[in-house]
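Novice: Input: one structure, supplied below.
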Amino acid sequence: MRKAIVALLIACTSVAGSAQLWSRQFPPTALPPLKFSLPQPSLRVLANGLKVVTLDRPQLPMVTLELAIMTGSSGDPRGLPGLAQFVASMLVEGARKQSAMQIASAIDDAGGLLDTEADWDDSYAEIEIPSASTETALRLLAGITMHPTFPADQVELMRRDTLSALEVLRQDPNYLADEVFEEATLGGTPYGHPADGVADSIRRISRSDLERFYARYYRPSNAVLLVVGDMRPERVFSWARRNFGSWKEKNHLPPSPAAAPPSLPKRQVVAVDDPHAAQSVIRIGNRVVGRSDPDYLVLSVANQILGGPAENLLFSALRSRRGLAYGASSVLDCHQEAGVWEAKTSTRPDHTVEAIQLTLDQMSQLRGRAVKRWDLQTTENYLSGHMPLRFVTNDQIANRLLDLFVYSLPLDYWSEFPEKMRSLRVSQVRAAARRYLNPRDTVIVVVGNIQSFEDSLKRFGPSRIIPVEDVDLTSETLARGTPAARGH
Amino acid sequence: MVQDRTAPLVEVQVWYHVGSKDERPGMYGFAHLFEHLMFDGTRNLARGEFSNFIVRSGGEDNAYTTTDATVFWESIPANQLPVALWLEADRMRDLRITPGAFEKERDVVEEERRRRFENQPYGDILAPLYAHAFTVSPYRHMPIGSETDLDRASLEDVRRFHAEYYSPSNATVVIAGDFDEGQAAAWVRQDFGGLEPSPSPIPRDYPVEPEQTAERRVKLKQSVALPAFVEGYHIPADGTPDAYPLELAAEILSDGNSSWLEHDLVYQKQMALLVQCSADLSELPNLFVITAIANPGYTLEDLEAETHAILARLKEGNLGPVALGRAKNEALRDYLMSRQSPHGEAETLGYDTVILKDPALYNTETDRLLRVTPAEIAGVARKYLTAANRTLVEVYPGGQTILTQTRTKPGPGKGIN
């Protein structure tokens, strides 16, 4: 039967106008989403305040261990952007009983992977390792997070590598676009400075700056230990007590003074001129609320409709209908106290103005009547059906669990998520778009060969053009030669 | 098929055994362009509907093109397996390529090239390596292809490419995750069973790269901040006996902070900002590639001399007590991590089946790695990591001109989406 249909079809393709002979076929009806029950972790709190969270997954002899500190780059002191990342990177460079090379050998010998980094709201050391080495890994994790020594020679090496890396990054138009957009939208918040630091701050960070940041934030009551993988919870708790039990809690961390939220940025165009650029890298968006705000849910749904996977508004307009870009998407990136909602794409210089206009048009579609009940339902089905795909690997699960602590979310947050989402109405999505994608405070950033379309940019709002070599991410004006270094 | 009931998920992959190495001169970039066109709709489904069916259920889908294969994949909730199979069979059977979609997709591919290669620091460093290391091998050009060729391509060329390579006789369906074997097999038969095989056998007569007898060097200027070099040594195809010690040699040289190159160049001598090494094993003989970026104050000559001194240590055969055990543990970890998700499992099984032509390797390949001896490592290092077998590309900051070179031609080799 099917063969006959195929034969008919081949005949059809050669005869113009005979397509109506074909009756469309569809895939089997999709079944409703499977009920996905989230794995339930065990939680204990040690006497010193350290929270220990563990989940036994015996399927594969691997384990992920993560010691996370609930302070990240948002804790960078004023004038020293990059400090939190510098501290986190130094954890592997020497501890009381182990040199940098001994730490590296211990991990590599067991076939492990060790990564230490600072995000905006947390810093962490993470090990992925065959589960036979869990105890060794836990001991190592305790050594590097409880007793780092910040050896002077390693500090200099790290400084030098960071300076080199920043030089390389400055040549990356995507990095520049992301950074300039963040400074322009989040200026005045704890996120309005470059998390990687800049050459000037990296040169100035001293060993005692590192030690001071470490002493202030790396303490058991400000930390969570996560162990996800092939390991029995009782053993994890007992090893955690043995290795982290001696970690002393000093006086409690003074709560950081709640700053009044700074006013939203004004509508503006920031254009970074790089005459050698093959493409214009475009970022368009607004400042939005923090991750634990109740509006986060409706924003995350609205973001899917604007620029989530498959045929969203941006992808359809820029790629599918016009072929202007390889990628067109939107990102909702919410930190603890504030976030950004931005559209991202890149295109040829001569298509830049059209791409910006189309992006702004899609944002106004979202504010208007274009979004229907059907779109919302599709998005909800995607988000709830997608849940099991976000909880596949040990590393993914550890990080979903970590989110709960970093953003002070309830422990049943993920289980409740699909239900809460289903209660959203289309009018709420429109309202969120109207409120948070307000054209009056939309920031437009372009990094590219600006000269060719400079004049047309003016129609999008007051614009500034900064030559690429003059970009200064710590200046209020984002350009060199203007004082007012910013930090938090 | 490989079962894994850890999560209620299933992965469907269709591997078409066609990559950039199957492109004839004048058609560079067709395999990748075609990958894009596979999303443009069929007799039954309009453009975009394919992915909408996947996304509506919470799944993800995408595709990539390498030198050897074009792979389409869907990661989906377990109960959506029949939907994904139907969709893949539908576009294998009767893809609809319209002139409009073709023109648009060609523009998208051009933007992809600008985004990934031209507008990215060091994005253009590999193309000249492949172009100079290979003289006749189809790995001389990379999957992203040539702008000129794509501009010249006609709809007719593309249709011919589909007829030749996108038939069931050139395709492998891989299923991994939570499913019932008998039921899945029945669905595959139902959806794919009636499709016609390609009328003629697929040509697989690739020119054999002659042995390289002298070092080749190229100097380039690109808009990068720090000088860098990338060098490649000819090595045999994946699945051959030498492939396993070569893979471990790469682990010894650059996996982890205590690996030899990392330890020496980044930590002790502090000459390099970054150093990476990999044995690029594939269907045809490829390259063992080392990349390094120089720290300010060091020249590329310093960096190259130091790198080659470390390679000499590898050839001496005295690995010391830990290096090989460490490399094996790292290989074992990579093996375990690739089996954490149905996506990784399908990827490994697809590769073993289509490229190495033996699905049983899925269960045995790691054993072969774990049996490698120190003598084998020294043996492959002496045999392949020699000056005469080397092509070296140096990149200096400032501009886009070729300074000097020992030979020239178009060019490059990893998978692209």
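Just remember, in the structure tokens the first chain shown is A, the second B, etc., residues are 1-based per chain, and ligands are 1-based in the order shown.
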Which residues come within 9 Å of Ala214 of chain B, counting only C-alpha atoms, excluding same-chain residues fewer than 4 positions away, as a count of residues only?
Specialist: 5
Novice: Give me the residues near segment 72-86 of chain A as a PDB file with N, CA and C atoms, in the first residue's frame, where near means some atom within 9 Å (using only C-alpha atoms) and where sequence neighbours in that chain fewer than 3 positions away do not count.
Specialist:
```pdb
ATOM      1  N   ILE A  69      29.294  27.748  46.923  1.00  0.00           N
ATOM      2  CA  ILE A  69      29.224  28.886  47.838  1.00  0.00           C
ATOM      3  C   ILE A  69      28.144  29.813  47.303  1.00  0.00           C
ATOM      4  N   SER A  89      39.023  30.319  40.628  1.00  0.00           N
ATOM      5  CA  SER A  89      40.049  29.670  39.797  1.00  0.00           C
ATOM      6  C   SER A  89      41.241  29.250  40.624  1.00  0.00           C
ATOM      7  N   MET A  90      41.532  29.986  41.719  1.00  0.00           N
ATOM      8  CA  MET A  90      42.713  29.694  42.534  1.00  0.00           C
ATOM      9  C   MET A  90      42.533  28.473  43.437  1.00  0.00           C
ATOM     10  N   THR A 116      36.486  24.601  38.689  1.00  0.00           N
ATOM     11  CA  THR A 116      36.101  25.565  39.720  1.00  0.00           C
ATOM     12  C   THR A 116      35.803  26.895  39.048  1.00  0.00           C
ATOM     13  N   GLU A 117      34.662  27.499  39.383  1.00  0.00           N
ATOM     14  CA  GLU A 117      34.251  28.721  38.711  1.00  0.00           C
ATOM     15  C   GLU A 117      33.356  29.556  39.592  1.00  0.00           C
ATOM     16  N   ALA A 118      33.192  30.816  39.208  1.00  0.00           N
ATOM     17  CA  ALA A 118      32.183  31.652  39.848  1.00  0.00           C
ATOM     18  C   ALA A 118      31.137  32.037  38.812  1.00  0.00           C
ATOM     19  N   ASP A 119      29.856  31.828  39.134  1.00  0.00           N
ATOM     20  CA  ASP A 119      28.762  32.376  38.341  1.00  0.00           C
ATOM     21  C   ASP A 119      28.363  33.699  38.995  1.00  0.00           C
ATOM     22  N   TRP A 120      27.238  34.279  38.577  1.00  0.00           N
ATOM     23  CA  TRP A 120      26.843  35.560  39.175  1.00  0.00           C
ATOM     24  C   TRP A 120      26.494  35.430  40.655  1.00  0.00           C
ATOM     25  N   ASP A 121      25.738  34.371  41.008  1.00  0.00           N
ATOM     26  CA  ASP A 121      25.250  34.293  42.384  1.00  0.00           C
ATOM     27  C   ASP A 121      25.844  33.141  43.178  1.00  0.00           C
ATOM     28  N   ASP A 122      26.761  32.386  42.601  1.00  0.00           N
ATOM     29  CA  ASP A 122      27.406  31.317  43.352  1.00  0.00           C
ATOM     30  C   ASP A 122      28.791  31.037  42.785  1.00  0.00           C
ATOM     31  N   SER A 123      29.625  30.426  43.638  1.00  0.00           N
ATOM     32  CA  SER A 123      30.952  29.971  43.220  1.00  0.00           C
ATOM     33  C   SER A 123      30.979  28.475  43.515  1.00  0.00           C
ATOM     34  N   TYR A 124      31.706  27.700  42.723  1.00  0.00           N
ATOM     35  CA  TYR A 124      31.665  26.268  42.998  1.00  0.00           C
ATOM     36  C   TYR A 124      32.939  25.544  42.579  1.00  0.00           C
ATOM     37  N   VAL A 155      49.402  32.749  41.917  1.00  0.00           N
ATOM     38  CA  VAL A 155      48.565  33.936  41.709  1.00  0.00           C
ATOM     39  C   VAL A 155      49.071  34.698  40.483  1.00  0.00           C
ATOM     40  N   MET A 158      48.142  32.857  37.327  1.00  0.00           N
ATOM     41  CA  MET A 158      46.724  33.017  37.027  1.00  0.00           C
ATOM     42  C   MET A 158      46.443  34.418  36.479  1.00  0.00           C
ATOM     43  N   ARG A 159      47.102  35.414  37.067  1.00  0.00           N
ATOM     44  CA  ARG A 159      46.913  36.794  36.611  1.00  0.00           C
ATOM     45  C   ARG A 159      47.302  36.909  35.134  1.00  0.00           C
ATOM     46  N   THR A 162      44.881  35.062  32.871  1.00  0.00           N
ATOM     47  CA  THR A 162      43.609  35.778  32.765  1.00  0.00           C
ATOM     48  C   THR A 162      43.761  36.988  31.847  1.00  0.00           C
ATOM     49  N   THR A 189      23.055  47.641  39.214  1.00  0.00           N
ATOM     50  CA  THR A 189      22.680  46.446  39.984  1.00  0.00           C
ATOM     51  C   THR A 189      23.978  45.699  40.337  1.00  0.00           C
ATOM     52  N   PRO A 190      23.888  44.656  41.164  1.00  0.00           N
ATOM     53  CA  PRO A 190      25.117  43.894  41.473  1.00  0.00           C
ATOM     54  C   PRO A 190      25.690  43.167  40.249  1.00  0.00           C
ATOM     55  N   TYR A 191      24.991  43.260  39.104  1.00  0.00           N
ATOM     56  CA  TYR A 191      25.419  42.533  37.898  1.00  0.00           C
ATOM     57  C   TYR A 191      25.918  43.486  36.814  1.00  0.00           C
ATOM     58  N   GLY A 192      26.095  44.747  37.170  1.00  0.00           N
ATOM     59  CA  GLY A 192      26.465  45.752  36.164  1.00  0.00           C
ATOM     60  C   GLY A 192      27.951  45.936  35.996  1.00  0.00           C
ATOM     61  N   HIS A 193      28.718  44.879  36.122  1.00  0.00           N
ATOM     62  CA  HIS A 193      30.155  44.965  35.872  1.00  0.00           C
ATOM     63  C   HIS A 193      30.599  43.665  35.209  1.00  0.00           C
ATOM     64  N   PRO A 194      31.734  43.688  34.502  1.00  0.00           N
ATOM     65  CA  PRO A 194      32.153  42.467  33.801  1.00  0.00           C
ATOM     66  C   PRO A 194      32.642  41.388  34.778  1.00  0.00           C
ATOM     67  N   ALA A 195      31.995  40.237  34.778  1.00  0.00           N
ATOM     68  CA  ALA A 195      32.327  39.177  35.734  1.00  0.00           C
ATOM     69  C   ALA A 195      33.738  38.627  35.529  1.00  0.00           C
ATOM     70  N   ASP A 196      34.237  38.685  34.276  1.00  0.00           N
ATOM     71  CA  ASP A 196      35.594  38.197  34.018  1.00  0.00           C
ATOM     72  C   ASP A 196      36.647  39.201  34.453  1.00  0.00           C
ATOM     73  N   GLY A 197      36.205  40.402  34.846  1.00  0.00           N
ATOM     74  CA  GLY A 197      37.155  41.450  35.162  1.00  0.00           C
ATOM     75  C   GLY A 197      37.623  42.139  33.898  1.00  0.00           C
ATOM     76  N   VAL A 198      38.485  43.129  34.044  1.00  0.00           N
ATOM     77  CA  VAL A 198      39.116  43.794  32.900  1.00  0.00           C
ATOM     78  C   VAL A 198      40.612  43.843  33.212  1.00  0.00           C
ATOM     79  N   ASP A 200      42.698  46.068  33.792  1.00  0.00           N
ATOM     80  CA  ASP A 200      43.095  46.933  34.897  1.00  0.00           C
ATOM     81  C   ASP A 200      42.802  46.291  36.262  1.00  0.00           C
ATOM     82  N   SER A 201      41.611  45.728  36.434  1.00  0.00           N
ATOM     83  CA  SER A 201      41.287  45.157  37.746  1.00  0.00           C
ATOM     84  C   SER A 201      42.083  43.874  37.991  1.00  0.00           C
ATOM     85  N   ILE A 202      42.300  43.088  36.934  1.00  0.00           N
ATOM     86  CA  ILE A 202      43.058  41.842  37.105  1.00  0.00           C
ATOM     87  C   ILE A 202      44.497  42.165  37.532  1.00  0.00           C
ATOM     88  N   ARG A 204      45.337  44.706  39.345  1.00  0.00           N
ATOM     89  CA  ARG A 204      45.335  45.258  40.696  1.00  0.00           C
ATOM     90  C   ARG A 204      44.976  44.264  41.792  1.00  0.00           C
ATOM     91  N   ILE A 205      44.286  43.165  41.470  1.00  0.00           N
ATOM     92  CA  ILE A 205      43.841  42.238  42.511  1.00  0.00           C
ATOM     93  C   ILE A 205      45.066  41.658  43.242  1.00  0.00           C
ATOM     94  N   ASP A 209      43.412  40.607  48.656  1.00  0.00           N
ATOM     95  CA  ASP A 209      42.037  40.728  48.150  1.00  0.00           C
ATOM     96  C   ASP A 209      41.402  39.340  48.036  1.00  0.00           C
ATOM     97  N   LEU A 210      42.208  38.406  47.524  1.00  0.00           N
ATOM     98  CA  LEU A 210      41.706  37.033  47.354  1.00  0.00           C
ATOM     99  C   LEU A 210      41.352  36.440  48.714  1.00  0.00           C
ATOM    100  N   PHE A 213      38.167  38.042  50.281  1.00  0.00           N
ATOM    101  CA  PHE A 213      36.923  37.554  49.668  1.00  0.00           C
ATOM    102  C   PHE A 213      36.640  36.138  50.138  1.00  0.00           C
ATOM    103  N   TYR A 214      37.709  35.321  50.130  1.00  0.00           N
ATOM    104  CA  TYR A 214      37.553  33.929  50.558  1.00  0.00           C
ATOM    105  C   TYR A 214      37.035  33.864  52.003  1.00  0.00           C
ATOM    106  N   TYR A 217      33.229  34.905  52.403  1.00  0.00           N
ATOM    107  CA  TYR A 217      32.114  34.139  51.812  1.00  0.00           C
ATOM    108  C   TYR A 217      32.259  32.617  51.875  1.00  0.00           C
ATOM    109  N   THR A 474      34.192  48.987  32.222  1.00  0.00           N
ATOM    110  CA  THR A 474      33.995  49.473  33.591  1.00  0.00           C
ATOM    111  C   THR A 474      33.573  50.938  33.614  1.00  0.00           C
ATOM    112  N   ALA A 485      34.654  54.657  37.152  1.00  0.00           N
ATOM    113  CA  ALA A 485      34.744  53.201  37.115  1.00  0.00           C
ATOM    114  C   ALA A 485      33.614  52.623  37.958  1.00  0.00           C
ATOM    115  N   ARG A 486      32.993  51.607  37.398  1.00  0.00           N
ATOM    116  CA  ARG A 486      31.865  51.033  38.111  1.00  0.00           C
ATOM    117  C   ARG A 486      32.210  49.678  38.677  1.00  0.00           C
ATOM    118  N   GLY A 487      31.529  49.306  39.719  1.00  0.00           N
ATOM    119  CA  GLY A 487      31.626  47.962  40.272  1.00  0.00           C
ATOM    120  C   GLY A 487      30.439  47.869  41.167  1.00  0.00           C
ATOM    121  N   HIS A 488      30.425  46.938  42.038  1.00  0.00           N
ATOM    122  CA  HIS A 488      29.251  46.874  42.896  1.00  0.00           C
ATOM    123  C   HIS A 488      29.586  47.477  44.246  1.00  0.00           C
TER     124      HIS A 488
END
```
Novice: Which residues in segment 118-315 of chain B does DSSP call strand (DSSP E)? List them as a PyMOL selection string.
Specialist: chain B and resi 171-177+216-222+228-235+272-279+286-294
Novice: Excluding Trp73 of chain B and its own-chain neighbours fewer than 5 positions away, which residues fall within 12 Å of it when counting only C-alpha atoms? Please give them as number ranges by chain.
Specialist: B: 10-16, 35, 38-39, 50-51, 54, 59-65, 84-85, 87-88, 172-176, 342-344, 346-347, 350, 417
Novice: Check which residues of segment 49-144 of chain A sit at most 10 Å from segment 261-267 of chain B using only C-alpha atoms, and return one row each with the closest pair of atoms and their distance in Å to one decimal, ordered by chain and rising number, as a tab-separated table.
Specialist:
```
residue	atom	partner	partner_atom	distance
A:Ala100	CA	B:Tyr267	CA	9.2
A:Met101	CA	B:His263	CA	8.0
A:Ala104	CA	B:His263	CA	9.3
```
Novice: Hey, can you spit out that residue selection with C-alpha atoms as a JSON list (two decimals), in the first residue's frame?
Specialist:
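Now in part-v9.json:
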```
[["chain", "number", "residue", "atom", "x", "y", "z"],
["A", 100, "ALA", "CA", 48.60, 22.58, 42.35],
["A", 101, "MET", "CA", 50.26, 19.64, 40.62],
["A", 104, "ALA", "CA", 45.79, 17.89, 39.34]]
```
Novice: Atom CA of Ala171 of chain B and atom CA of Ala237 of chain B, how far apart in Å?
Specialist: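 Result for atom CA of Ala237 of chain B versus atom CA of Ala171 of chain B: 21.3 Å, one decimal.
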Novice: Write out as a list in words each polymer residue whose atoms come within 10 Å of Arg93 of chain B, counting only C-alpha atoms; drop sequence neighbours fewer than 2 positions from it.
Specialist: Val6, Leu9 and Ile10 of chain A; Thr42, Arg43, Leu87, Glu88, Ala89, Asp90, Arg91, Leu95, Arg96, Tyr166, Ser167, Pro168, Asp191, Phe192, Gly194, Leu195 and Glu196 of chain B
Novice: Okay, now the selection with C-alpha atoms, as a tab-separated table (two decimals), in the first residue's frame?
Specialist:
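And here is the file that came out, part-v1.tsv:
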```tsv
chain	number	residue	atom	x	y	z
A	6	VAL	CA	5.17	6.41	-3.05
A	9	LEU	CA	3.90	10.57	-5.40
A	10	ILE	CA	6.89	10.31	-7.72
B	42	THR	CA	7.70	17.35	2.63
B	43	ARG	CA	4.60	16.49	0.68
B	87	LEU	CA	8.63	11.98	10.71
B	88	GLU	CA	12.08	10.66	9.76
B	89	ALA	CA	10.59	8.18	7.27
B	90	ASP	CA	8.44	10.94	5.80
B	91	ARG	CA	11.38	13.16	4.95
B	95	LEU	CA	11.39	15.71	0.75
B	96	ARG	CA	10.07	18.78	-1.07
B	166	TYR	CA	19.43	10.03	0.95
B	167	SER	CA	18.02	6.57	0.32
B	168	PRO	CA	17.27	3.83	2.85
B	191	ASP	CA	7.44	3.36	8.31
B	192	PHE	CA	10.67	2.59	6.45
B	194	GLY	CA	8.30	0.30	1.84
B	195	LEU	CA	10.96	2.83	0.85
B	196	GLU	CA	12.90	2.16	-2.35
```
Novice: Can you tell me which residues surround Leu248 of chain B at a distance of at most 10 Å, considering only C-alpha atoms, apart from same-chain residues fewer than 5 positions away, and format the answer as number ranges by chain?
Specialist: B: 243, 253, 255, 278-279, 323-328, 330-331, 369-370, 372, 377
Novice: Using the selection just defined, write its residues with C-alpha atoms as a PDB file, in the first residue's frame.
Specialist:
```pdb
ATOM      1  CA  ALA B 243      44.018   4.160  16.503  1.00  0.00           C
ATOM      2  CA  LEU B 253      49.608  14.781  26.267  1.00  0.00           C
ATOM      3  CA  ASP B 255      43.840  15.635  29.176  1.00  0.00           C
ATOM      4  CA  SER B 278      43.452  15.274  19.891  1.00  0.00           C
ATOM      5  CA  ALA B 279      43.702  12.229  17.682  1.00  0.00           C
ATOM      6  CA  ALA B 323      50.802   8.164  32.744  1.00  0.00           C
ATOM      7  CA  LEU B 324      49.222   5.189  31.005  1.00  0.00           C
ATOM      8  CA  GLY B 325      46.966   4.183  33.905  1.00  0.00           C
ATOM      9  CA  ARG B 326      45.778   7.772  34.138  1.00  0.00           C
ATOM     10  CA  ALA B 327      45.049   7.940  30.420  1.00  0.00           C
ATOM     11  CA  LYS B 328      43.065   4.689  30.643  1.00  0.00           C
ATOM     12  CA  GLU B 330      40.283   9.120  31.605  1.00  0.00           C
ATOM     13  CA  ALA B 331      39.238   7.060  28.606  1.00  0.00           C
ATOM     14  CA  LEU B 369      41.686   0.740  24.744  1.00  0.00           C
ATOM     15  CA  LEU B 370      42.377  -0.725  28.172  1.00  0.00           C
ATOM     16  CA  VAL B 372      47.096  -0.784  25.107  1.00  0.00           C
ATOM     17  CA  ILE B 377      52.231   4.217  22.682  1.00  0.00           C
TER      18      ILE B 377
END
```
Novice: What is the distance, in Å and to one decimal place, between atom CA of Pro27 of chain A and atom CA of Asp40 of chain B?
Specialist: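 Rounded to one decimal, the two atoms are 16.6 Å apart.
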Novice: With distances taken over only C-alpha atoms, which of A:Arg267, A:Arg348, A:Arg440, A:His147 is nearest to chain B?
Specialist: A:Arg348
